[in-house]
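S.K.: Below is the file my_file07.txt, which contains compact mmCIF, C-alpha atoms.
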```
# COMPACT_ATOMS: atom_id res chain seq x y z
CA MET T 1 0.00 0.00 0.00
CA PRO T 2 1.47 3.41 -0.92
CA VAL T 3 2.48 5.47 2.08
CA SER T 4 2.90 9.23 2.00
CA ASP T 5 4.48 11.75 4.29
CA PRO T 6 1.84 12.41 6.96
CA SER T 7 3.04 16.02 7.23
CA ALA T 8 2.18 16.69 3.57
CA ARG T 9 -0.88 18.95 3.30
CA PRO T 10 -3.06 19.79 0.29
CA THR T 11 -2.92 23.35 -1.00
CA PRO T 12 -5.55 25.39 0.89
CA LEU T 13 -8.40 26.80 -1.15
CA PRO T 14 -10.11 30.15 -0.51
CA GLY T 15 -13.24 30.11 1.57
CA ARG T 16 -16.56 29.24 -0.04
CA ARG T 17 -19.94 30.44 1.14
CA ALA T 18 -22.03 27.59 2.49
CA HIS T 19 -24.87 26.58 0.18
CA ALA T 20 -28.50 27.02 1.24
CA VAL T 21 -28.87 23.24 1.74
CA ASP T 22 -25.72 23.23 3.92
CA ARG T 23 -27.14 26.03 6.02
CA ALA T 24 -30.43 24.17 6.34
CA PHE T 25 -28.69 21.10 7.78
CA LEU T 26 -26.52 23.24 10.05
CA GLY T 27 -29.64 25.00 11.30
CA MET T 28 -31.42 21.71 11.98
CA GLU T 29 -28.38 20.52 13.91
CA ARG T 30 -28.45 23.62 16.11
CA ARG T 31 -32.16 23.16 16.79
CA HIS T 32 -31.90 19.41 17.40
CA PRO T 33 -28.44 18.64 18.83
CA ASP T 34 -29.63 15.19 19.98
CA VAL T 35 -30.29 14.06 16.38
CA ARG T 36 -27.56 12.43 14.31
CA TRP T 37 -27.30 14.10 10.91
CA ASP T 38 -24.67 11.80 9.43
CA ALA T 39 -24.64 9.42 6.47
CA GLY T 40 -21.89 7.47 4.68
CA GLY T 41 -20.92 4.04 3.45
CA VAL T 42 -18.96 0.88 4.18
CA ALA T 43 -16.45 -0.75 1.81
CA TYR T 44 -15.75 -4.47 2.35
CA LEU T 45 -12.29 -5.65 1.30
CA SER T 46 -10.43 -8.94 0.94
CA GLY T 47 -6.83 -9.19 2.06
CA PRO T 48 -4.82 -8.46 5.20
CA PRO T 49 -5.83 -5.16 6.81
CA PRO T 50 -3.38 -2.24 6.93
CA SER T 51 -2.14 -0.84 10.20
CA LEU T 52 -3.89 2.24 11.54
CA ALA T 53 -0.74 4.30 10.91
CA ASP T 54 -0.56 3.18 7.29
CA LEU T 55 -4.26 3.90 6.71
CA ARG T 56 -3.84 7.40 8.16
CA ALA T 57 -0.91 8.05 5.86
CA TYR T 58 -2.87 6.71 2.89
CA VAL T 59 -5.91 8.91 3.64
CA GLY T 60 -3.65 11.94 4.10
CA PHE T 61 -2.14 11.29 0.67
CA ARG T 62 -5.55 10.98 -1.00
CA LEU T 63 -6.90 14.17 0.59
CA GLY T 64 -4.99 16.17 -2.01
CA ALA T 65 -7.90 15.44 -4.39
CA LEU T 66 -10.53 16.30 -1.77
CA PRO T 67 -9.70 19.75 -0.36
CA MET T 68 -13.16 20.25 1.09
CA LEU T 69 -12.49 17.52 3.64
CA THR T 70 -9.72 19.62 5.17
CA SER T 71 -12.09 22.56 5.77
CA ARG T 72 -14.34 23.72 8.58
CA VAL T 73 -17.38 25.96 8.87
CA GLU T 74 -16.88 29.46 10.24
CA GLY T 75 -18.87 32.67 10.27
CA GLY T 76 -21.76 31.81 12.58
CA ALA T 77 -25.35 31.02 11.69
CA ARG T 78 -25.89 34.01 9.41
CA ARG T 79 -22.87 33.84 7.12
CA PRO T 80 -21.30 30.38 7.38
CA ARG T 81 -18.38 29.72 5.06
CA TRP T 82 -16.17 26.73 4.36
CA LEU T 83 -12.60 27.75 5.18
CA PRO T 84 -9.33 25.79 5.27
CA ASP T 85 -8.84 24.33 8.74
CA PRO T 86 -5.38 25.32 10.00
CA ASP T 87 -5.67 22.75 12.81
CA PHE T 88 -6.61 19.83 10.53
CA THR T 89 -4.96 16.50 11.35
CA VAL T 90 -5.66 13.11 9.83
CA ASP T 91 -5.36 11.39 13.22
CA ARG T 92 -8.56 13.05 14.48
CA HIS T 93 -10.47 11.67 11.49
CA VAL T 94 -9.16 8.11 10.99
CA HIS T 95 -9.83 5.50 13.70
CA GLU T 96 -9.76 1.76 14.31
CA VAL T 97 -12.20 -0.83 15.69
CA VAL T 98 -10.85 -4.33 16.38
CA ALA T 99 -13.33 -7.19 16.53
CA ASP T 100 -12.98 -9.78 19.28
CA GLY T 101 -12.66 -12.74 16.91
CA PRO T 102 -15.28 -14.01 14.44
CA ALA T 103 -18.13 -13.59 16.91
CA GLY T 104 -17.22 -9.94 17.44
CA TRP T 105 -17.69 -8.75 13.86
CA ASP T 106 -21.24 -7.48 14.29
CA ALA T 107 -20.38 -5.53 17.43
CA ALA T 108 -17.28 -4.00 15.80
CA LEU T 109 -19.21 -2.94 12.69
CA HIS T 110 -21.95 -1.27 14.67
CA THR T 111 -19.43 0.40 16.96
CA ALA T 112 -18.11 2.16 13.85
CA LEU T 113 -21.66 3.04 12.78
CA ASP T 114 -22.52 4.61 16.13
CA ALA T 115 -19.17 6.17 17.11
CA PRO T 116 -19.35 9.96 17.59
CA PHE T 117 -17.20 12.24 15.47
CA ALA T 118 -14.15 13.76 17.14
CA PRO T 119 -14.84 17.30 18.42
CA GLY T 120 -14.68 19.86 15.64
CA THR T 121 -14.74 17.30 12.80
CA TYR T 122 -17.38 16.70 10.13
CA TRP T 123 -16.36 13.24 8.95
CA GLY T 124 -14.53 10.11 10.03
CA VAL T 125 -13.05 6.86 8.71
CA TRP T 126 -13.06 3.65 10.78
CA LEU T 127 -10.88 0.63 9.99
CA ILE T 128 -12.78 -2.50 11.13
CA HIS T 129 -10.90 -5.81 11.39
CA GLY T 130 -9.98 -8.69 13.68
CA HIS T 131 -12.77 -11.17 12.87
CA VAL T 132 -10.75 -13.09 10.24
CA PRO T 133 -7.16 -12.65 9.00
CA ASP T 134 -7.90 -11.77 5.34
CA GLU T 135 -11.01 -9.57 5.43
CA TYR T 136 -11.72 -6.11 6.76
CA ALA T 137 -13.94 -3.09 6.17
CA VAL T 138 -13.54 0.67 5.95
CA CYS T 139 -16.47 2.76 7.19
CA TYR T 140 -16.74 6.38 6.03
CA ARG T 141 -19.29 8.69 7.68
CA PHE T 142 -19.90 12.40 7.15
CA HIS T 143 -22.13 15.13 8.49
CA HIS T 144 -24.83 15.89 5.92
CA ALA T 145 -24.00 19.60 5.96
CA CYS T 146 -20.54 18.62 4.71
CA GLN T 147 -21.54 16.46 1.75
CA ASP T 148 -24.41 14.81 -0.05
CA GLY T 149 -24.43 11.32 -1.54
CA SER T 150 -22.95 12.30 -4.91
CA ALA T 151 -19.98 14.08 -3.31
CA ALA T 152 -19.53 11.14 -0.94
CA ALA T 153 -19.43 8.76 -3.92
CA LEU T 154 -16.62 10.87 -5.38
CA THR T 155 -14.83 10.59 -2.03
CA PHE T 156 -15.07 6.80 -2.34
CA ARG T 157 -13.67 6.91 -5.87
CA ALA T 158 -10.81 9.20 -4.79
CA MET T 159 -9.96 6.93 -1.85
CA LEU T 160 -10.67 3.42 -3.13
CA GLY T 161 -12.27 3.45 -6.55
CA GLU T 162 -11.09 2.31 -9.94
CA GLY T 163 -12.88 2.74 -13.24
CA GLU T 164 -15.60 5.21 -14.12
CA PRO T 165 -18.93 5.46 -12.31
CA SER T 166 -22.21 5.14 -14.17
CA ALA T 167 -23.22 8.37 -15.88
CA ARG T 168 -25.55 10.51 -13.80
CA PRO T 169 -28.40 12.26 -15.65
CA VAL T 170 -27.98 16.03 -15.73
CA PRO T 171 -29.95 18.67 -17.67
CA LYS T 172 -28.34 20.43 -20.59
CA LYS T 173 -26.97 23.94 -20.24
CA GLY T 174 -29.92 26.30 -19.80
CA ARG T 175 -30.71 29.19 -22.12
CA LEU T 176 -31.92 32.63 -21.07
CA THR T 177 -34.69 32.49 -23.69
CA GLY T 178 -36.28 29.64 -21.76
CA LEU T 179 -36.06 31.37 -18.37
CA PRO T 180 -39.81 32.19 -17.95
CA ARG T 181 -40.75 28.61 -18.73
CA ARG T 182 -38.09 27.32 -16.34
CA VAL T 183 -39.38 29.58 -13.55
CA GLY T 184 -42.92 28.35 -14.13
CA THR T 185 -41.83 24.71 -14.08
CA ALA T 186 -39.83 25.18 -10.87
CA VAL T 187 -42.74 26.91 -9.13
CA GLY T 188 -45.14 24.21 -10.30
CA LEU T 189 -42.82 21.46 -9.07
CA THR T 190 -42.51 23.05 -5.63
CA THR T 191 -46.25 23.63 -5.35
CA MET T 192 -47.01 20.04 -6.30
CA PHE T 193 -44.71 18.51 -3.70
CA LEU T 194 -45.66 20.96 -0.97
CA ALA T 195 -49.32 20.19 -1.61
CA GLY T 196 -48.52 16.49 -1.35
CA SER T 197 -46.92 17.09 2.04
CA LEU T 198 -50.10 18.50 3.59
CA PRO T 199 -52.02 16.16 5.87
CA VAL T 200 -55.09 14.51 4.34
CA ARG T 201 -58.01 13.58 6.55
CA GLY T 202 -58.59 9.86 6.73
CA ARG T 203 -55.08 8.90 5.61
CA SER T 204 -52.93 7.68 8.47
CA ARG T 205 -49.18 7.09 8.31
CA ALA T 206 -47.04 4.19 9.42
CA ALA T 207 -46.68 4.27 13.18
CA ALA T 208 -43.30 3.74 14.84
CA PRO T 209 -43.49 0.12 16.05
CA VAL T 210 -41.36 0.53 19.20
CA ALA T 211 -39.44 3.17 21.10
CA PRO T 212 -36.03 3.77 19.45
CA THR T 213 -32.84 2.76 21.26
CA GLY T 214 -30.50 5.16 19.44
CA GLU T 215 -28.35 2.24 18.17
CA ARG T 216 -28.23 1.73 14.41
CA ARG T 217 -28.08 -1.59 12.60
CA LEU T 218 -27.02 -2.34 9.02
CA TRP T 219 -28.41 -5.20 6.90
CA ARG T 220 -27.36 -5.92 3.30
CA GLY T 221 -28.62 -7.69 0.21
CA ARG T 222 -27.67 -7.79 -3.45
CA VAL T 223 -28.85 -8.80 -6.91
CA PRO T 224 -27.05 -8.64 -10.26
CA ALA T 225 -27.34 -5.09 -11.58
CA ASP T 226 -28.36 -6.47 -14.97
CA ALA T 227 -31.43 -8.01 -13.33
CA LEU T 228 -32.76 -4.55 -12.46
CA ARG T 229 -31.82 -3.19 -15.88
CA ARG T 230 -33.52 -6.05 -17.76
CA ILE T 231 -36.76 -5.60 -15.84
CA ALA T 232 -36.62 -1.83 -16.38
CA ALA T 233 -35.95 -2.17 -20.12
CA ALA T 234 -38.80 -4.64 -20.54
CA HIS T 235 -41.32 -2.23 -19.04
CA GLY T 236 -39.98 1.16 -20.12
CA GLY T 237 -38.78 2.33 -16.72
CA SER T 238 -35.51 2.76 -14.89
CA ALA T 239 -33.53 0.46 -12.61
CA HIS T 240 -34.42 2.78 -9.74
CA ASP T 241 -38.12 2.30 -10.52
CA VAL T 242 -37.60 -1.45 -10.20
CA HIS T 243 -35.81 -0.95 -6.88
CA LEU T 244 -38.66 1.16 -5.49
CA ALA T 245 -41.31 -1.30 -6.65
CA ALA T 246 -39.36 -4.14 -5.02
CA LEU T 247 -39.03 -2.03 -1.87
CA ALA T 248 -42.82 -1.66 -1.76
CA GLY T 249 -43.22 -5.42 -2.13
CA ALA T 250 -40.65 -6.05 0.61
CA LEU T 251 -42.46 -3.64 2.93
CA SER T 252 -45.77 -5.40 2.32
CA ALA T 253 -44.21 -8.74 3.26
CA TRP T 254 -42.36 -7.21 6.23
CA SER T 255 -45.60 -5.69 7.53
CA ALA T 256 -47.28 -9.09 7.48
CA ARG T 257 -44.29 -10.75 9.18
CA SER T 258 -43.72 -8.10 11.86
CA GLY T 259 -47.33 -7.22 12.55
CA VAL T 260 -46.61 -3.51 11.96
CA PRO T 261 -49.50 -1.96 10.00
CA LEU T 262 -48.53 0.18 7.02
CA PRO T 263 -51.61 2.11 5.88
CA ARG T 264 -49.38 4.20 3.63
CA VAL T 265 -45.62 4.62 3.16
CA ARG T 266 -44.02 7.64 1.57
CA ALA T 267 -40.35 7.53 0.59
CA LEU T 268 -38.08 10.57 0.49
CA LEU T 269 -35.86 10.51 -2.60
CA PRO T 270 -32.68 12.66 -2.68
CA VAL T 271 -32.00 13.97 -6.21
CA ASP T 272 -28.59 15.17 -7.41
CA ALA T 273 -28.98 18.73 -8.73
CA ARG T 274 -25.43 19.47 -9.86
CA ARG T 275 -24.90 21.38 -13.07
CA PRO T 276 -23.09 19.63 -15.95
CA ASN T 277 -19.76 21.27 -15.06
CA GLU T 278 -19.96 20.36 -11.35
CA GLU T 279 -18.56 17.21 -9.80
CA GLN T 280 -17.10 17.70 -6.33
CA THR T 281 -18.71 20.69 -4.67
CA TRP T 282 -18.40 22.20 -1.26
CA GLY T 283 -21.40 20.90 0.62
CA ASN T 284 -24.73 19.82 -0.83
CA ARG T 285 -26.42 20.13 -4.20
CA CYS T 286 -29.37 17.85 -3.60
CA PHE T 287 -33.14 18.15 -3.46
CA ALA T 288 -35.62 15.91 -1.64
CA LEU T 289 -38.76 14.61 -3.35
CA PRO T 290 -41.54 12.57 -1.71
CA LEU T 291 -42.98 9.52 -3.47
CA GLU T 292 -45.72 7.26 -2.16
CA LEU T 293 -44.75 3.60 -2.32
CA PRO T 294 -47.48 1.20 -3.52
CA VAL T 295 -47.40 -1.00 -0.42
CA ARG T 296 -51.19 -1.04 -0.12
CA LEU T 297 -52.61 -0.53 -3.60
CA PRO T 298 -56.17 -1.36 -4.66
CA VAL T 299 -56.20 -3.13 -8.02
CA ARG T 300 -58.81 -4.60 -10.33
CA LEU T 301 -58.11 -8.22 -11.10
CA PRO T 302 -58.89 -9.24 -14.71
CA VAL T 303 -61.29 -12.17 -15.03
CA GLN T 304 -61.18 -14.46 -18.07
CA ARG T 305 -64.68 -14.95 -19.51
CA PRO T 306 -66.02 -16.81 -22.54
CA ALA T 307 -66.37 -14.58 -25.57
CA ARG T 308 -70.20 -14.58 -25.52
CA THR T 309 -70.48 -13.83 -21.83
CA ALA T 310 -70.91 -10.23 -20.75
CA PRO T 311 -67.85 -9.02 -18.83
CA ALA T 312 -68.26 -8.88 -15.09
CA ARG T 313 -67.05 -6.01 -13.00
CA GLY T 314 -63.65 -6.50 -11.38
CA ASN T 315 -63.37 -6.64 -7.61
CA GLY T 316 -61.05 -4.25 -5.84
CA SER T 317 -58.42 -5.99 -3.68
CA LEU T 318 -55.92 -4.63 -1.20
CA ASP T 319 -54.05 -7.90 -0.82
CA ALA T 320 -53.59 -9.29 -4.35
CA VAL T 321 -51.25 -6.57 -5.59
CA SER T 322 -49.14 -7.93 -8.42
CA PRO T 323 -45.44 -6.97 -8.55
CA LEU T 324 -45.87 -5.51 -12.04
CA ARG T 325 -48.81 -3.41 -10.84
CA ARG T 326 -46.50 -1.90 -8.22
CA LEU T 327 -43.89 -1.20 -10.89
CA GLU T 328 -46.48 0.51 -13.11
CA HIS T 329 -47.54 2.68 -10.19
CA VAL T 330 -43.94 3.74 -9.46
CA MET T 331 -43.19 4.44 -13.13
CA ALA T 332 -46.29 6.62 -13.43
CA SER T 333 -45.07 8.66 -10.44
CA THR T 334 -41.47 9.08 -11.61
CA ARG T 335 -42.00 9.55 -15.36
CA ARG T 336 -41.98 13.35 -15.25
CA LEU T 337 -39.00 13.41 -12.90
CA ARG T 338 -36.91 11.61 -15.51
CA GLY T 339 -37.58 14.32 -18.09
CA GLU T 340 -35.11 17.10 -18.80
CA ALA T 341 -37.55 19.92 -17.95
CA TRP T 342 -38.15 18.62 -14.42
CA ARG T 343 -34.47 17.96 -13.82
CA GLN T 344 -33.73 21.50 -14.91
CA ALA T 345 -36.43 22.75 -12.52
CA ILE T 346 -34.89 20.83 -9.61
CA GLN T 347 -31.48 22.25 -10.47
CA ASP T 348 -32.90 25.77 -10.56
CA LEU T 349 -34.61 25.32 -7.19
CA VAL T 350 -31.43 24.14 -5.51
CA ARG T 351 -29.41 26.92 -7.09
CA TYR T 352 -31.72 29.88 -6.45
CA MET T 353 -34.08 29.08 -3.56
CA PRO T 354 -33.40 31.39 -0.57
CA ASP T 355 -32.28 30.10 2.80
CA ARG T 356 -35.52 30.19 4.76
CA PRO T 357 -37.73 28.45 2.16
CA THR T 358 -34.99 25.85 1.66
CA GLU T 359 -34.77 25.02 5.36
CA TRP T 360 -38.55 25.03 5.74
CA TYR T 361 -38.93 22.66 2.80
CA LEU T 362 -36.27 20.25 4.05
CA ARG T 363 -37.67 20.24 7.58
CA ARG T 364 -41.08 19.53 6.13
CA MET T 365 -39.94 16.68 3.92
CA LEU T 366 -37.80 15.07 6.63
CA SER T 367 -40.66 15.14 9.13
CA PRO T 368 -42.07 11.68 9.95
CA ARG T 369 -45.52 13.26 9.58
CA VAL T 370 -44.78 13.55 5.86
CA THR T 371 -42.31 10.79 4.94
CA ASP T 372 -41.56 7.37 6.44
CA VAL T 373 -38.46 6.06 4.66
CA MET T 374 -35.29 7.67 3.27
CA ALA T 375 -34.52 5.96 -0.07
CA THR T 376 -31.33 6.90 -1.90
CA SER T 377 -29.33 5.33 -4.72
CA MET T 378 -25.86 5.99 -6.07
CA PRO T 379 -23.48 4.59 -8.72
CA ILE T 380 -20.15 4.00 -6.98
CA ALA T 381 -17.46 2.56 -9.28
CA ASP T 382 -16.60 -0.39 -11.50
CA LYS T 383 -14.11 -1.73 -8.96
CA GLY T 384 -11.97 -0.62 -6.07
CA SER T 385 -8.85 -1.41 -4.10
CA LEU T 386 -6.66 -0.31 -1.22
CA GLY T 387 -3.11 -1.39 -1.85
CA ASP T 388 -3.24 -5.13 -2.57
CA SER T 389 -6.73 -5.50 -1.09
CA ARG T 390 -9.74 -5.62 -3.40
CA VAL T 391 -13.12 -4.09 -2.62
CA THR T 392 -15.66 -6.93 -2.69
CA GLY T 393 -18.79 -4.95 -1.89
CA VAL T 394 -20.16 -1.66 -0.64
CA ALA T 395 -23.09 -0.57 1.51
CA LEU T 396 -24.57 2.91 1.65
CA LEU T 397 -25.44 4.38 5.04
CA PRO T 398 -28.39 6.69 4.34
CA LEU T 399 -29.51 9.34 6.78
CA LEU T 400 -31.70 7.76 9.46
CA VAL T 401 -34.33 10.35 10.33
CA PRO T 402 -35.92 10.10 13.80
CA GLY T 403 -39.41 8.70 13.37
CA HIS T 404 -38.68 7.03 10.02
CA LEU T 405 -38.94 3.26 9.78
CA PHE T 406 -35.47 3.01 8.19
CA GLY T 407 -33.17 4.39 5.53
CA VAL T 408 -32.44 2.29 2.45
CA GLY T 409 -29.58 2.79 0.01
CA LEU T 410 -29.07 1.20 -3.39
CA SER T 411 -25.50 1.27 -4.69
CA TYR T 412 -24.10 0.06 -8.00
CA PHE T 413 -20.65 -1.44 -7.66
CA GLY T 414 -19.15 -3.62 -10.36
CA GLU T 415 -21.75 -6.14 -11.55
CA TRP T 416 -23.92 -5.87 -8.44
CA ALA T 417 -26.78 -3.74 -7.25
CA GLU T 418 -26.36 -3.75 -3.48
CA THR T 419 -29.09 -2.68 -1.10
CA SER T 420 -28.51 -1.67 2.51
CA PHE T 421 -31.08 -1.03 5.22
CA VAL T 422 -30.14 1.16 8.21
CA ALA T 423 -32.60 1.15 11.09
CA ASP T 424 -32.78 1.42 14.83
CA ARG T 425 -31.92 -1.81 16.61
CA ALA T 426 -35.47 -2.00 17.96
CA LEU T 427 -37.10 -2.35 14.51
CA PRO T 428 -38.80 -5.78 14.58
CA HIS T 429 -37.57 -8.24 11.93
CA GLY T 430 -35.40 -5.56 10.36
CA GLU T 431 -32.83 -8.21 9.43
CA SER T 432 -35.37 -9.77 7.03
CA LEU T 433 -35.72 -6.66 4.83
CA PRO T 434 -32.80 -7.37 2.43
CA GLU T 435 -34.00 -10.93 1.75
CA LEU T 436 -37.55 -9.71 1.20
CA TRP T 437 -36.25 -7.09 -1.23
CA GLU T 438 -34.26 -9.71 -3.14
CA GLN T 439 -37.36 -11.90 -3.35
CA ALA T 440 -39.43 -8.96 -4.60
CA VAL T 441 -36.88 -8.28 -7.37
CA GLY T 442 -37.06 -11.97 -8.28
CA GLU T 443 -40.85 -11.80 -8.48
CA LEU T 444 -40.62 -8.79 -10.79
CA GLY T 445 -38.18 -10.53 -13.08
CA GLY T 446 -39.53 -14.06 -12.86
CA GLU T 447 -36.55 -16.38 -12.63
CA VAL T 448 -33.89 -13.91 -11.39
CA GLU T 449 -30.85 -15.32 -9.66
CA THR T 450 -30.25 -13.59 -6.33
CA GLY T 451 -27.63 -13.96 -3.66
CA SER T 452 -27.11 -12.65 -0.16
CA ALA T 453 -24.12 -10.42 0.44
CA PRO T 454 -21.72 -11.61 3.10
CA MET T 455 -21.69 -9.47 6.20
```
For this file, write the structure as structure tokens.
M.R.:
Amino acid sequence: MPVSDPSARPTPLPGRRAHAVDRAFLGMERRHPDVRWDAGGVAYLSGPPPSLADLRAYVGFRLGALPMLTSRVEGGARRPRWLPDPDFTVDRHVHEVVADGPAGWDAALHTALDAPFAPGTYWGVWLIHGHVPDEYAVCYRFHHACQDGSAAALTFRAMLGEGEPSARPVPKKGRLTGLPRRVGTAVGLTTMFLAGSLPVRGRSRAAAPVAPTGERRLWRGRVPADALRRIAAAHGGSAHDVHLAALAGALSAWSARSGVPLPRVRALLPVDARRPNEEQTWGNRCFALPLELPVRLPVRLPVQRPARTAPARGNGSLDAVSPLRRLEHVMASTRRLRGEAWRQAIQDLVRYMPDRPTEWYLRRMLSPRVTDVMATSMPIADKGSLGDSRVTGVALLPLLVPGHLFGVGLSYFGEWAETSFVADRALPHGESLPELWEQAVGELGGEVETGSAPM
């Protein structure tokens, strides 16, 4: 593994004004200091683990491509700016958790998930090893005011990745002649989603099944990425549509198994709003959109009748929801969001919305009175390595909002689509969610080969 001079420091960049979404998260942290506003990911590697000193030297070397990670927020609540941190040290950010033999792996992993950040830091890396000689994991977590998922994926590629990530859809460069239409589309988009966030009489939400413990748990599953793409291509949707439809099917099965009623479930979808010339940015460039998952969906079941017999009326059913019916429902909800005009509108909102409306909107969408599940997805890389160790899998760690059932992340790494569920330890039968999701993907695709990811 290459080792650099730990005293080497990247060239400081001038301060950058914090984005409105950054300020929104910083404001929510000030108002709710007991809430954990961090997200991240875990990379699983094969090979002997490095020493903590070597990993710190390696991270310090790679930080030259990630100058934002050596910055801190200054300027108070009114004018926060990202400025180079003169007191930055790698040692405060890179840590180690040693498992007590094979039986201690789960405890070591979740120690890294729940460990607090060092004072004054916005991110951390944890080396997790000790369960077997030739496997280990690297956990990266960040405060959501510091990064969003797209910037975190670039951090992964700068630290461990090889090959190019899947292309992310971005709108074309806007023209001033289309500005009135763009303003109208952006206003219409905001109005539609704000109206959808208002409470509706007679429609109850999923109730928290038990009191939270404050300890997070991670469960993983995977299917071949081509399985999602084949199903999407056959029905005119996207792989993410297939994932959301399978998530709805998994939630229906989980509800029956756990005894937790789910009258309705609304997912919160983070959307990357970077402009075509943006890749790594200081802070966030994301927008949050709510989408109701078809967990309980009335359908009309077709009945085969002889040709001369008058057709009978179909009977509505809440239980016999076909997997393809769920997919059709998701595709109908996301179709406009895949279009260029709506992507441009989302980009315009993130770029121009003032601070107070931005924070109000995010607080509204993150509220468990409006949404129940955080659902994010991200292309990571074709492959990855750290020295002679190869990355064998990845798991996203989505933001776990208090009052939400769980956060679910879908990552594309190599030939696999890997799903990760992050929930409070008290969630009943939470460990069954990845398997139920895999089964739901299989039902959508018929005979689809699935496999469980090793923990």
S.K.: So, with only C-alpha atoms as the atoms that count, which of T:Ala273, T:Ala108, T:Ala245, T:Ala267 lies closest to Leu127 (chain T)?
M.R.: T:Ala108
S.K.: Rank T:Gly403, T:Pro50, T:Pro354, T:Gly259 by their smallest atom-to-atom distance to Gly214 (chain T), using all atoms listed in the file, and report the top residue only.
M.R.: T:Gly403
S.K.: Identify the residues within 8 Å of coordinate (-24.0, 12.4, 8.0) (same frame as the file), considering only C-alpha atoms, and give the answer as a PyMOL selection string.
M.R.: chain T and resi 36-40+123+141-147+399
S.K.: Write to file, as a PDB file, in the frame of the given file, the residues of the selection just made, with C-alpha atoms.
M.R.:
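Result written to again.pdb:
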```
ATOM      1  CA  ARG T  36     -27.560  12.430  14.310  1.00  0.00           C
ATOM      2  CA  TRP T  37     -27.300  14.100  10.910  1.00  0.00           C
ATOM      3  CA  ASP T  38     -24.670  11.800   9.430  1.00  0.00           C
ATOM      4  CA  ALA T  39     -24.640   9.420   6.470  1.00  0.00           C
ATOM      5  CA  GLY T  40     -21.890   7.470   4.680  1.00  0.00           C
ATOM      6  CA  TRP T 123     -16.360  13.240   8.950  1.00  0.00           C
ATOM      7  CA  ARG T 141     -19.290   8.690   7.680  1.00  0.00           C
ATOM      8  CA  PHE T 142     -19.900  12.400   7.150  1.00  0.00           C
ATOM      9  CA  HIS T 143     -22.130  15.130   8.490  1.00  0.00           C
ATOM     10  CA  HIS T 144     -24.830  15.890   5.920  1.00  0.00           C
ATOM     11  CA  ALA T 145     -24.000  19.600   5.960  1.00  0.00           C
ATOM     12  CA  CYS T 146     -20.540  18.620   4.710  1.00  0.00           C
ATOM     13  CA  GLN T 147     -21.540  16.460   1.750  1.00  0.00           C
ATOM     14  CA  LEU T 399     -29.510   9.340   6.780  1.00  0.00           C
TER      15      LEU T 399
END
```
S.K.: Which of these residues is nearest to Gln439 (chain T), using all atoms listed in the file: T:Thr334, T:Leu63, T:Gly249, T:Gly387?
M.R.: T:Gly249
S.K.: Taking (-28.4, 19.1, 4.3) in the file's coordinates, which residues come within 9 Å, counting all atoms listed in the file, written as a list of chain:residue names?
M.R.: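 Returned residue set, sorted by chain then number, is T:Ala20, T:Val21, T:Asp22, T:Arg23, T:Ala24, T:Phe25, T:Leu26, T:Met28, T:Trp37, T:His143, T:His144, T:Ala145, T:Cys146, T:Gln147, T:Asp148, T:Gly283, T:Asn284, T:Arg285, T:Cys286, T:Glu359, T:Leu362.
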S.K.: Go ahead and dump the residues you just picked, C-alpha atoms, as a PDB file, in the coordinates of the input.
M.R.:
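As a result, result_7.pdb now contains:
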```pdb
ATOM      1  CA  ALA T  20     -28.500  27.020   1.240  1.00  0.00           C
ATOM      2  CA  VAL T  21     -28.870  23.240   1.740  1.00  0.00           C
ATOM      3  CA  ASP T  22     -25.720  23.230   3.920  1.00  0.00           C
ATOM      4  CA  ARG T  23     -27.140  26.030   6.020  1.00  0.00           C
ATOM      5  CA  ALA T  24     -30.430  24.170   6.340  1.00  0.00           C
ATOM      6  CA  PHE T  25     -28.690  21.100   7.780  1.00  0.00           C
ATOM      7  CA  LEU T  26     -26.520  23.240  10.050  1.00  0.00           C
ATOM      8  CA  MET T  28     -31.420  21.710  11.980  1.00  0.00           C
ATOM      9  CA  TRP T  37     -27.300  14.100  10.910  1.00  0.00           C
ATOM     10  CA  HIS T 143     -22.130  15.130   8.490  1.00  0.00           C
ATOM     11  CA  HIS T 144     -24.830  15.890   5.920  1.00  0.00           C
ATOM     12  CA  ALA T 145     -24.000  19.600   5.960  1.00  0.00           C
ATOM     13  CA  CYS T 146     -20.540  18.620   4.710  1.00  0.00           C
ATOM     14  CA  GLN T 147     -21.540  16.460   1.750  1.00  0.00           C
ATOM     15  CA  ASP T 148     -24.410  14.810  -0.050  1.00  0.00           C
ATOM     16  CA  GLY T 283     -21.400  20.900   0.620  1.00  0.00           C
ATOM     17  CA  ASN T 284     -24.730  19.820  -0.830  1.00  0.00           C
ATOM     18  CA  ARG T 285     -26.420  20.130  -4.200  1.00  0.00           C
ATOM     19  CA  CYS T 286     -29.370  17.850  -3.600  1.00  0.00           C
ATOM     20  CA  GLU T 359     -34.770  25.020   5.360  1.00  0.00           C
ATOM     21  CA  LEU T 362     -36.270  20.250   4.050  1.00  0.00           C
TER      22      LEU T 362
END
```
S.K.: Rank nothing, just name the residue among T:Met378, T:Leu386, T:Leu291, T:Ala107 nearest to Gly409 (chain T), using only C-alpha atoms.
M.R.: T:Met378
S.K.: Counting all atoms listed in the file, which of T:Pro116, T:Gly101, T:Pro357, T:Pro323 gets nearest to His243 (chain T)?
M.R.: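 Selected residue with least distance to His243 (chain T): T:Pro323.
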S.K.: Identify which of the residues T:Thr111, T:Thr213, T:Thr70, T:Thr89 lies closest to Asp424 (chain T), counting only C-alpha atoms when measuring atom-to-atom distances.
M.R.: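 Among T:Thr111, T:Thr213, T:Thr70, T:Thr89, it is T:Thr213 that comes nearest to Asp424 (chain T).
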